[in-house]
Structure formats: C-alpha cells, structure tokens
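K.L.:
Please see the structure below; I have some questions.
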Amino acid sequence: MSSRNLFKPITVGKIVPQHRLVMAPLTRFRSPNHVPTDLVAQYYKQRASAPGTLIISEATFITEAAGGYENVPGIYNPAQIAAWGKVAASIHEQNSFFFIQLWSLGRAADKNYLDRLGHKYVAPSAIPNPGVNVKYVQKKQEVEDWNKQHPEDLKPVPEEPVNPVPHALTEEEILAYIDAFVQAAKNAVAAGADGVEIHNANGYLLEQFLSESSNQRTDKWGGSVENRARFTLAVVDAVVAAIGAERTGIRLSPWRSYAQADESSSPLEQWSYVFNELERRGREGKRLAYIHLVEPRADLGSNPHAIYNKSGDNAAFVKLWSGSLIRAGGYKLESALAATDADARLLIGVGRYFISTPDLVARWRLGREPNPYNRSTFYSPGAKGYTDYPFAEELQVAA
C-alpha cells in the first residue's frame with residue numbers, strides 16, 4: 001500500500017504532509033461561548049495521530065457578527081486565540097499540520113441568534129434563503145433520533161421555518177468583512193496554525209456573492225461574472241497579502257444547488273472564472289497552498305435541501321488549476337487510491353470516517369475498515385461520538 005500515491009509525501013504550500021489523506025472541516029458544535037475546549041484539542045490530537053497528517057479545522061467564525069449559531073468556535077478574541085493555540089500545539093505534538101477554516105454565514109445564519117447579539121442578518125441582496133440553516137437541521141436530527149429511540153413517545157418533527165429577508169450589505173460593510181477575514185487569518189497564524197482555509201462553499205456568505213440567485217446587485221459587487229467574483233477574490237488577495245499565499249487555501253463547491261432558487265443554472269462560467277483568476281495569481285507568484293474542491297454528491301446528510309447536481313462534473317475546473325488540489329465528497333479507500341494514482345498533485349478530504357476513526361490513516365495503510373459513524377452525535381455536546389471512538393486495538397500503542 002505504501003507504494004501508492006495516497007501514502008506518499010506531497011508539498012502543500014510550505015508544509016509537506018506525509019500522505020494525501022486530509023481531515024476535512026467538520027462542524028461539531030462543541031465550543032461553548034465560541035471558545036474551543038480541552039476536549040476539542042483532544043479530538044484533533046487523536047485524528048492527527050499519523051505523523052504528517054493535514055488537519056483542517058471545523059468552520060470558525062471570523063467575527064461574532066459573521067456567525068449566527070451557538071457552540072461554534074470563533075477566532076476573533078484573545079480567549080479563542082489562546083484556545084486554538086492549545087489545539088494547534090496538540091496537533092503539532094503529533095508532527096502533523098493544521099489549517100483553520102474561516103467562516104462567515106450570511107443568510108445561512110440563525111437570524112434570531114444574531115438579533116439577540118445585536119447584529120444584522122446579511123446577504124449580498126435582500127433575498128431570503130430558500131434552504132434551511134444548520135440550526136434547523138440540528139433540531140430536526142435531535143427529534144428524529146429521539147423518535148427512533150422512543151417509538152412510544154414520538155415528538156413532532158419541526159416544520160421548516162419561513163426564512164426572513166436579509167439586509168443587503170453596503171459596500172462599506174463588504175470592505176469591513178474583507179478586513180475581518182484578514183484579521184482572522186492573522187489571529188489563526190498567531191494561534192500557531194500553519195495556515196487558513198477560506199470557506200467559499202456550501203451556500204455561505206462568500207459563495208452567496210457568486211450565485212445569481214442570491215446576488216442580484218447592480219453595483220461592482222454583482223451583475224456580471226466578474227463582479228460576482230469580486231468579493232471572493234478580494235478576500236483571497238487581502239489574506240494572501242497578510243499571511244502569504246503558501247499559508248492560504250480556499251474551499252469551493254461549484255455544483256451545490258440547495259440554496260439556489262434556479263437549480264438549472266450552470267456554474268461553469270462563474271466558477272471557471274474563479275479558477276482561472278486563482279491560477280493566474282499562481283502563475284504570477286501568488287499560488288495558494290491548495291484549492292479544496294467539493295465533489296457533486298447526492299446525499300448531504302439530514303438537510304432536505306442539501307442536494308448537489310448529480311450531473312455536475314468537476315473535471316473542467318480541475319484542468320484550470322495546476323497547484324495542489326484537495327477533492328472531497330464520499331471517498332473511500334479504493335476510490336482515494338485510484339484518484340491519487342491518476343493525479344499526482346491530489347489530496348483527498350475525508351469527513352465522516354475521520355469523525356469515527358481517529359486512526360483512519362493507519363487503518364487504511366493496512367487496508368482495514370474504519371469504525372462506523374453515529375450520525376446522531378455529529379452535532380451533540382460532550383465526548384460521546386466525539387473523542388470516544390476507538391483506535392484499532394493493534395494500533396493503540398503506536399497511536
């Protein structure tokens with residue numbers, strides 16, 4: 001197995017992972033008051049047990065105003081920076097690497113939560129989110145799990161909320177968000193992270209600017225392919241200027257359709273422009289550490305609107321980018337082996353099996369099966385379904 005590309009070293013920016021399996025960003029709701037705990041540090045340390053593993057953190061709010069859910073970590077105040085410092089140290093103790101994913105929700109936030117904090121509920125344009133937010137998905141999952149375990153005492157599944165109309169960001173507010181991404185990136189590096197991943201996927205604020213269905217602006221931040229990409233590229237340029245291109249990655253999901261009103265619209269022109277612009281910057285000496293590309297998939301868990309376009313194909317975008325590339329979306333051992341053998345610059349992002357299997361890399365090196373995951377504990381508090389998944393017995397001592 002060690003002769004296959006999946007288990008060979010690869011250069012990513014300034015780091016050299018010793019294999020191509022990457023822990024993908026995974027929201028877990030284990031950070032009360034938006035501060036990672038010692039349990040969070042233990043969780044990441046377990047999953048960094050194979051030396052040279054690249055760990056990407058769960059999505060992390062760049063400011064309080066950019067958030068909108070409870071128990072999600074931030075990277076905007078001293079307590080959070082100190083807490084992430086413990087996480088980074090725990091990963092580096094394992095001789096592994098750590099990028100923090102930077103997150104801004106936009107219209108995917110819980111408006112009620114933002115109202116309580118005194119922050120605006122924002123988007124590119126004053127158009128409600130046609131999907132459901134993570135808060136609703138979490139509540140729905142809790143009820144469904146209860147009903148499975150208590151058939152004699154069934155609770156009603158919550159109805160989907162009627163989404164409010166967001167505030168369309170002004171240009172001044174957009175520029176403030178760019179500054180917030182920069183400060184968050186600096187904070188991440190100060191905490192000891194090896195870099196940051198800009199979350200430009202899955203229907204959140206940056207991607208909302210890229211979509212015609214959520215961005216109907218007529219100023220320089222909308223109205224054309226180039227203008228809709230302006231916010232994304234401005235954030236990339238500002239973060240690169242602050243911490244360096246080799247410390248900066250970005251996540252993109254071109255075929256996501258659940259938060260678009262017009263699911264038949266093609267993303268090819270819009271996302272090809274973004275890829276071309278990122279490649280141009282790379283050729284000019286500002287190549288990002290990686291692009292993290294979400295594959296078209298048919299199942300995104302319990303979100304009833306989270307459906308990717310099954311006819312979509314990322315091949316066109318892959319050809320436009322010549323740097324390191326992470327591809328994520330339903331990979332298992334055999335498909336990961338085949339993909340990395342076919343493309344020597346490729347890494348594979350794995351999510352659910354990294355949740356359930358802290359020694360995933362060691363197991364897959366030996367061709368072993370991962371632990372089954374328990375979806376009902378993905379978003380619940382505490383150690384259950386978080387740090388209590390077992391290492392394989394014969395690998396425990398080494399881990």
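Residue numbering restarts at 1 for every chain of the structure tokens, chains are lettered A, B, ... in their displayed order, and ligands are numbered from 1 as they appear.
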Determine, counting only C-alpha atoms, which protein, DNA and RNA residues have an atom within 12 Å of an atom of Ser90 of chain A; residues of the same chain fewer than 2 positions away are not included. Present the result as a ChimeraX atom specification.
P.N.:
/A:38-49,55,83-88,92-98,191-193
K.L.:
Set the distance at 12 Å and use only C-alpha atoms: which residues neighbour Lys384 of chain A once local chain neighbours fewer than 4 positions away are removed? I'd like the list as number ranges by chain.
P.N.:
A: 28, 30, 39, 43, 355-356, 373-380, 388-390
K.L.:
One decimal, Å: what's the distance from atom CA of Ala108 of chain A over to atom CA of Ser324 of chain A, could you say?
P.N.:
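Answer for the atom CA of Ala108 of chain A to atom CA of Ser324 of chain A separation: 29.4 Å.
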K.L.:
Extract, using only C-alpha atoms, all DNA, RNA and protein residues at most 9 Å from Gln138 of chain A, discarding same-chain residues fewer than 3 positions from it, and format them as a list in words.
P.N.:
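The residues satisfying every condition are Asn133, Val134, Lys135, Gln141, Glu142, Val143, Ser302, Tyr379 and Ser380 of chain A.
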K.L.:
Which residues, written as a ChimeraX atom specification, have at least one atom at most 7 Å from segment 66-70 of chain A, with only C-alpha atoms counted and residues fewer than 3 positions away on the same chain left out?
P.N.:
/A:61-63,104-106,109-111,113-114,135
K.L.:
With C-alpha atoms retained, could you export that selection as a PDB file, in the first residue's frame?
P.N.:
ATOM      1  CA  PHE A  61     -16.356  32.415  12.733  1.00  0.00           C
ATOM      2  CA  ILE A  62     -14.214  35.383  11.716  1.00  0.00           C
ATOM      3  CA  THR A  63     -16.242  37.761  13.931  1.00  0.00           C
ATOM      4  CA  SER A 104     -18.981  33.774   7.527  1.00  0.00           C
ATOM      5  CA  LEU A 105     -22.598  32.625   7.335  1.00  0.00           C
ATOM      6  CA  GLY A 106     -24.507  35.398   5.603  1.00  0.00           C
ATOM      7  CA  ALA A 109     -27.306  32.216   9.854  1.00  0.00           C
ATOM      8  CA  ASP A 110     -29.986  31.979  12.527  1.00  0.00           C
ATOM      9  CA  LYS A 111     -31.452  35.492  12.496  1.00  0.00           C
ATOM     10  CA  TYR A 113     -29.478  34.410  17.392  1.00  0.00           C
ATOM     11  CA  LEU A 114     -27.998  37.441  15.619  1.00  0.00           C
ATOM     12  CA  LYS A 135     -29.743  25.171  13.432  1.00  0.00           C
TER      13      LYS A 135
END
K.L.:
Find the residues near Gln101 of chain A: any atom within 10 Å, counting only C-alpha atoms, skip ones fewer than 3 places away on the same chain, and give them as a PDB file with C-alpha atoms, in the first residue's frame.
P.N.:
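Result file result31.pdb:
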ATOM      1  CA  ALA A  24     -11.931  17.795   6.077  1.00  0.00           C
ATOM      2  CA  PRO A  25     -13.614  20.622   8.038  1.00  0.00           C
ATOM      3  CA  LEU A  26     -16.468  19.250  10.151  1.00  0.00           C
ATOM      4  CA  ILE A  56      -8.430  21.337   8.558  1.00  0.00           C
ATOM      5  CA  SER A  57     -10.437  22.703  11.461  1.00  0.00           C
ATOM      6  CA  GLU A  58     -14.175  22.930  11.695  1.00  0.00           C
ATOM      7  CA  ALA A  59     -15.550  26.139  10.213  1.00  0.00           C
ATOM      8  CA  THR A  60     -14.647  29.022  12.533  1.00  0.00           C
ATOM      9  CA  PHE A  61     -16.356  32.415  12.733  1.00  0.00           C
ATOM     10  CA  ILE A  62     -14.214  35.383  11.716  1.00  0.00           C
ATOM     11  CA  ILE A  75     -11.058  33.237  16.010  1.00  0.00           C
ATOM     12  CA  PHE A  98      -3.154  22.421  10.964  1.00  0.00           C
ATOM     13  CA  ALA A 184      -8.992  36.285  11.475  1.00  0.00           C
ATOM     14  CA  ALA A 185      -6.194  34.903   9.294  1.00  0.00           C
ATOM     15  CA  ALA A 188      -5.050  31.929  13.228  1.00  0.00           C
ATOM     16  CA  GLY A 195      -2.424  28.327   7.519  1.00  0.00           C
ATOM     17  CA  VAL A 196      -6.076  29.087   6.883  1.00  0.00           C
ATOM     18  CA  GLU A 197      -8.765  27.845   4.544  1.00  0.00           C
ATOM     19  CA  ILE A 198     -11.209  30.468   3.251  1.00  0.00           C
ATOM     20  CA  HIS A 199     -14.689  28.912   3.361  1.00  0.00           C
ATOM     21  CA  ASN A 200     -16.109  29.858  -0.037  1.00  0.00           C
ATOM     22  CA  THR A 248      -3.787  30.219   2.319  1.00  0.00           C
ATOM     23  CA  GLY A 249      -6.234  27.666   0.918  1.00  0.00           C
ATOM     24  CA  ILE A 250      -9.812  28.031  -0.306  1.00  0.00           C
ATOM     25  CA  ARG A 251     -12.808  25.691  -0.421  1.00  0.00           C
TER      26      ARG A 251
END
K.L.:
Find the nearest atom pair between each residue of segment 164-208 of chain A and segment 230-239 of chain A for residues within 8 Å, count only C-alpha atoms, give distances in Å to one decimal, sort rows by chain and ascending number, and present the table as a Markdown table.
P.N.:
| residue | atom | partner | partner_atom | distance |
| --- | --- | --- | --- | --- |
| A:Ile174 | CA | A:Phe231 | CA | 7.7 |
| A:Ile178 | CA | A:Val235 | CA | 5.4 |
| A:Asp179 | CA | A:Ala238 | CA | 7.8 |
| A:Phe181 | CA | A:Val235 | CA | 6.8 |
| A:Val182 | CA | A:Val239 | CA | 5.0 |
| A:Ala185 | CA | A:Val239 | CA | 6.6 |
| A:Ile198 | CA | A:Val236 | CA | 7.7 |
| A:Asn200 | CA | A:Thr232 | CA | 7.3 |
| A:Leu206 | CA | A:Thr232 | CA | 5.9 |
| A:Glu207 | CA | A:Thr232 | CA | 7.8 |
K.L.:
Using the selection just defined, write its residues with N, CA and C atoms as an mmCIF file, in the first residue's frame.
P.N.:
data_model
loop_
_atom_site.group_PDB
_atom_site.id
_atom_site.type_symbol
_atom_site.label_atom_id
_atom_site.label_comp_id
_atom_site.auth_asym_id
_atom_site.auth_seq_id
_atom_site.Cartn_x
_atom_site.Cartn_y
_atom_site.Cartn_z
ATOM 1 N N ILE A 174 -19.130 45.434 3.129
ATOM 2 C CA ILE A 174 -18.354 44.420 2.416
ATOM 3 C C ILE A 174 -16.866 44.594 2.702
ATOM 4 N N ILE A 178 -14.021 42.030 4.471
ATOM 5 C CA ILE A 178 -12.696 41.691 3.946
ATOM 6 C C ILE A 178 -11.646 41.896 5.033
ATOM 7 N N ASP A 179 -11.726 43.025 5.727
ATOM 8 C CA ASP A 179 -10.801 43.284 6.834
ATOM 9 C C ASP A 179 -10.925 42.221 7.925
ATOM 10 N N PHE A 181 -11.816 39.042 7.555
ATOM 11 C CA PHE A 181 -11.135 37.831 7.104
ATOM 12 C C PHE A 181 -9.630 37.951 7.318
ATOM 13 N N VAL A 182 -9.083 39.122 7.012
ATOM 14 C CA VAL A 182 -7.645 39.344 7.190
ATOM 15 C C VAL A 182 -7.252 39.209 8.652
ATOM 16 N N ALA A 185 -7.342 35.656 9.797
ATOM 17 C CA ALA A 185 -6.194 34.903 9.294
ATOM 18 C C ALA A 185 -4.957 35.189 10.133
ATOM 19 N N ILE A 198 -10.085 29.557 3.437
ATOM 20 C CA ILE A 198 -11.209 30.468 3.251
ATOM 21 C C ILE A 198 -12.423 29.639 2.846
ATOM 22 N N ASN A 200 -15.408 29.222 1.086
ATOM 23 C CA ASN A 200 -16.109 29.858 -0.037
ATOM 24 C C ASN A 200 -17.034 28.834 -0.690
ATOM 25 N N LEU A 206 -19.565 34.092 1.210
ATOM 26 C CA LEU A 206 -18.751 34.315 0.013
ATOM 27 C C LEU A 206 -19.376 33.659 -1.209
ATOM 28 N N GLU A 207 -19.864 32.442 -1.042
ATOM 29 C CA GLU A 207 -20.489 31.783 -2.190
ATOM 30 C C GLU A 207 -21.818 32.443 -2.570
#
K.L.:
Taking the DSSP assignment computed from this structure's backbone, write out as a ChimeraX atom specification all residues of segment 183-353 of chain A that belong to strand (DSSP E).
P.N.:
/A:195-200,248-252,290-294,325-328,346-350
K.L.:
Looking at only C-alpha atoms, which of A:Leu102, A:Leu347, A:Leu288, A:Leu252 is the one that sits closest to Asn314 of chain A?
P.N.:
A:Leu252
K.L.:
Choose the residue, out of A:Phe29, A:Trp271, A:Trp255, A:Phe7, that has the smallest atom-to-atom separation from Asp313 of chain A; count only C-alpha atoms.
P.N.:
A:Trp255
K.L.:
Compare A:Glu212, A:Asp341, A:Glu160, A:Glu284 by their minimum atom-to-atom distance to Ile127 of chain A, counting only C-alpha atoms, and give me the closest one.
P.N.:
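Between A:Glu212, A:Asp341, A:Glu160, A:Glu284, the residue approaching Ile127 of chain A most closely is A:Glu212.
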K.L.:
Quick check, in Å to one decimal: how far apart do atom CA of Val22 of chain A and atom CA of Ala338 of chain A lie?
P.N.:
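Computing it gives 15.9 Å between the two atoms.
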K.L.:
Select, from A:Asn71, A:Asn77, A:Thr37, A:Ser125, the residue with the minimum atom-to-atom distance to Gln216 of chain A, counting only C-alpha atoms.
P.N.:
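Between A:Asn71, A:Asn77, A:Thr37, A:Ser125, the residue approaching Gln216 of chain A most closely is A:Ser125.
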K.L.:
From a backbone DSSP assignment, name each residue in segment 46-223 of chain A labelled helix (DSSP H, G or I), as a PyMOL selection string.
P.N.:
chain A and resi 46-47+78-93+106-108+111-117+134-149+171-190+205-210
K.L.:
One number please: atom CA of Arg363 of chain A to atom CA of Met23 of chain A, in Å, one decimal.
P.N.:
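Calculated distance between atom CA of Arg363 of chain A and atom CA of Met23 of chain A is 14.4 Å.
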K.L.:
Measuring between only C-alpha atoms, which one of A:Pro73, A:Pro254, A:Pro166, A:Pro372 shows the shortest distance to Ser31 of chain A?
P.N.:
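Result for the nearest residue to Ser31 of chain A: A:Pro73.
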K.L.:
Give me the residues near Arg4 of chain A as a list in words, where near means some atom within 12 Å (using only C-alpha atoms) and where sequence neighbours in that chain fewer than 6 positions away do not count.
P.N.:
His19, Arg20, Leu333, Glu334, Ala336, Leu337, Ala338, Ala339, Thr340, Asp341, Ala342, Asp343, Ala344, Trp364 and Arg365 of chain A
K.L.:
With N, CA and C atoms retained, write the just-selected residues as a PDB file, in the first residue's frame.
P.N.:
ATOM      1  N   HIS A  19       1.344  12.007   3.705  1.00  0.00           N
ATOM      2  CA  HIS A  19       0.388  11.191   2.949  1.00  0.00           C
ATOM      3  C   HIS A  19      -0.674  12.145   2.417  1.00  0.00           C
ATOM      4  N   ARG A  20      -1.633  11.640   1.615  1.00  0.00           N
ATOM      5  CA  ARG A  20      -2.585  12.516   0.927  1.00  0.00           C
ATOM      6  C   ARG A  20      -3.971  12.523   1.556  1.00  0.00           C
ATOM      7  N   LEU A 333     -11.491   4.102   0.615  1.00  0.00           N
ATOM      8  CA  LEU A 333     -10.096   3.756   0.374  1.00  0.00           C
ATOM      9  C   LEU A 333      -9.809   3.508  -1.100  1.00  0.00           C
ATOM     10  N   GLU A 334     -10.594   2.662  -1.741  1.00  0.00           N
ATOM     11  CA  GLU A 334     -10.290   2.306  -3.127  1.00  0.00           C
ATOM     12  C   GLU A 334     -10.410   3.499  -4.067  1.00  0.00           C
ATOM     13  N   ALA A 336     -10.064   6.632  -3.222  1.00  0.00           N
ATOM     14  CA  ALA A 336      -8.982   7.555  -2.895  1.00  0.00           C
ATOM     15  C   ALA A 336      -7.674   7.091  -3.506  1.00  0.00           C
ATOM     16  N   LEU A 337      -7.411   5.802  -3.445  1.00  0.00           N
ATOM     17  CA  LEU A 337      -6.209   5.252  -4.073  1.00  0.00           C
ATOM     18  C   LEU A 337      -6.211   5.503  -5.572  1.00  0.00           C
ATOM     19  N   ALA A 338      -7.334   5.236  -6.215  1.00  0.00           N
ATOM     20  CA  ALA A 338      -7.412   5.407  -7.667  1.00  0.00           C
ATOM     21  C   ALA A 338      -7.254   6.863  -8.068  1.00  0.00           C
ATOM     22  N   ALA A 339      -7.900   7.767  -7.329  1.00  0.00           N
ATOM     23  CA  ALA A 339      -7.850   9.178  -7.689  1.00  0.00           C
ATOM     24  C   ALA A 339      -6.448   9.749  -7.549  1.00  0.00           C
ATOM     25  N   THR A 340      -5.752   9.409  -6.466  1.00  0.00           N
ATOM     26  CA  THR A 340      -4.411   9.955  -6.258  1.00  0.00           C
ATOM     27  C   THR A 340      -3.387   9.307  -7.189  1.00  0.00           C
ATOM     28  N   ASP A 341      -3.607   8.076  -7.576  1.00  0.00           N
ATOM     29  CA  ASP A 341      -2.719   7.466  -8.568  1.00  0.00           C
ATOM     30  C   ASP A 341      -2.880   8.141  -9.930  1.00  0.00           C
ATOM     31  N   ALA A 342      -4.101   8.589 -10.228  1.00  0.00           N
ATOM     32  CA  ALA A 342      -4.367   9.224 -11.517  1.00  0.00           C
ATOM     33  C   ALA A 342      -3.905  10.671 -11.570  1.00  0.00           C
ATOM     34  N   ASP A 343      -3.752  11.317 -10.420  1.00  0.00           N
ATOM     35  CA  ASP A 343      -3.377  12.732 -10.376  1.00  0.00           C
ATOM     36  C   ASP A 343      -2.392  12.924  -9.223  1.00  0.00           C
ATOM     37  N   ALA A 344      -1.136  13.113  -9.543  1.00  0.00           N
ATOM     38  CA  ALA A 344      -0.070  13.118  -8.535  1.00  0.00           C
ATOM     39  C   ALA A 344      -0.095  14.337  -7.637  1.00  0.00           C
ATOM     40  N   TRP A 364      -6.170   2.591   6.976  1.00  0.00           N
ATOM     41  CA  TRP A 364      -6.210   2.487   5.518  1.00  0.00           C
ATOM     42  C   TRP A 364      -4.855   2.071   4.942  1.00  0.00           C
ATOM     43  N   ARG A 365      -3.772   2.424   5.613  1.00  0.00           N
ATOM     44  CA  ARG A 365      -2.467   1.914   5.172  1.00  0.00           C
ATOM     45  C   ARG A 365      -2.454   0.383   5.180  1.00  0.00           C
TER      46      ARG A 365
END
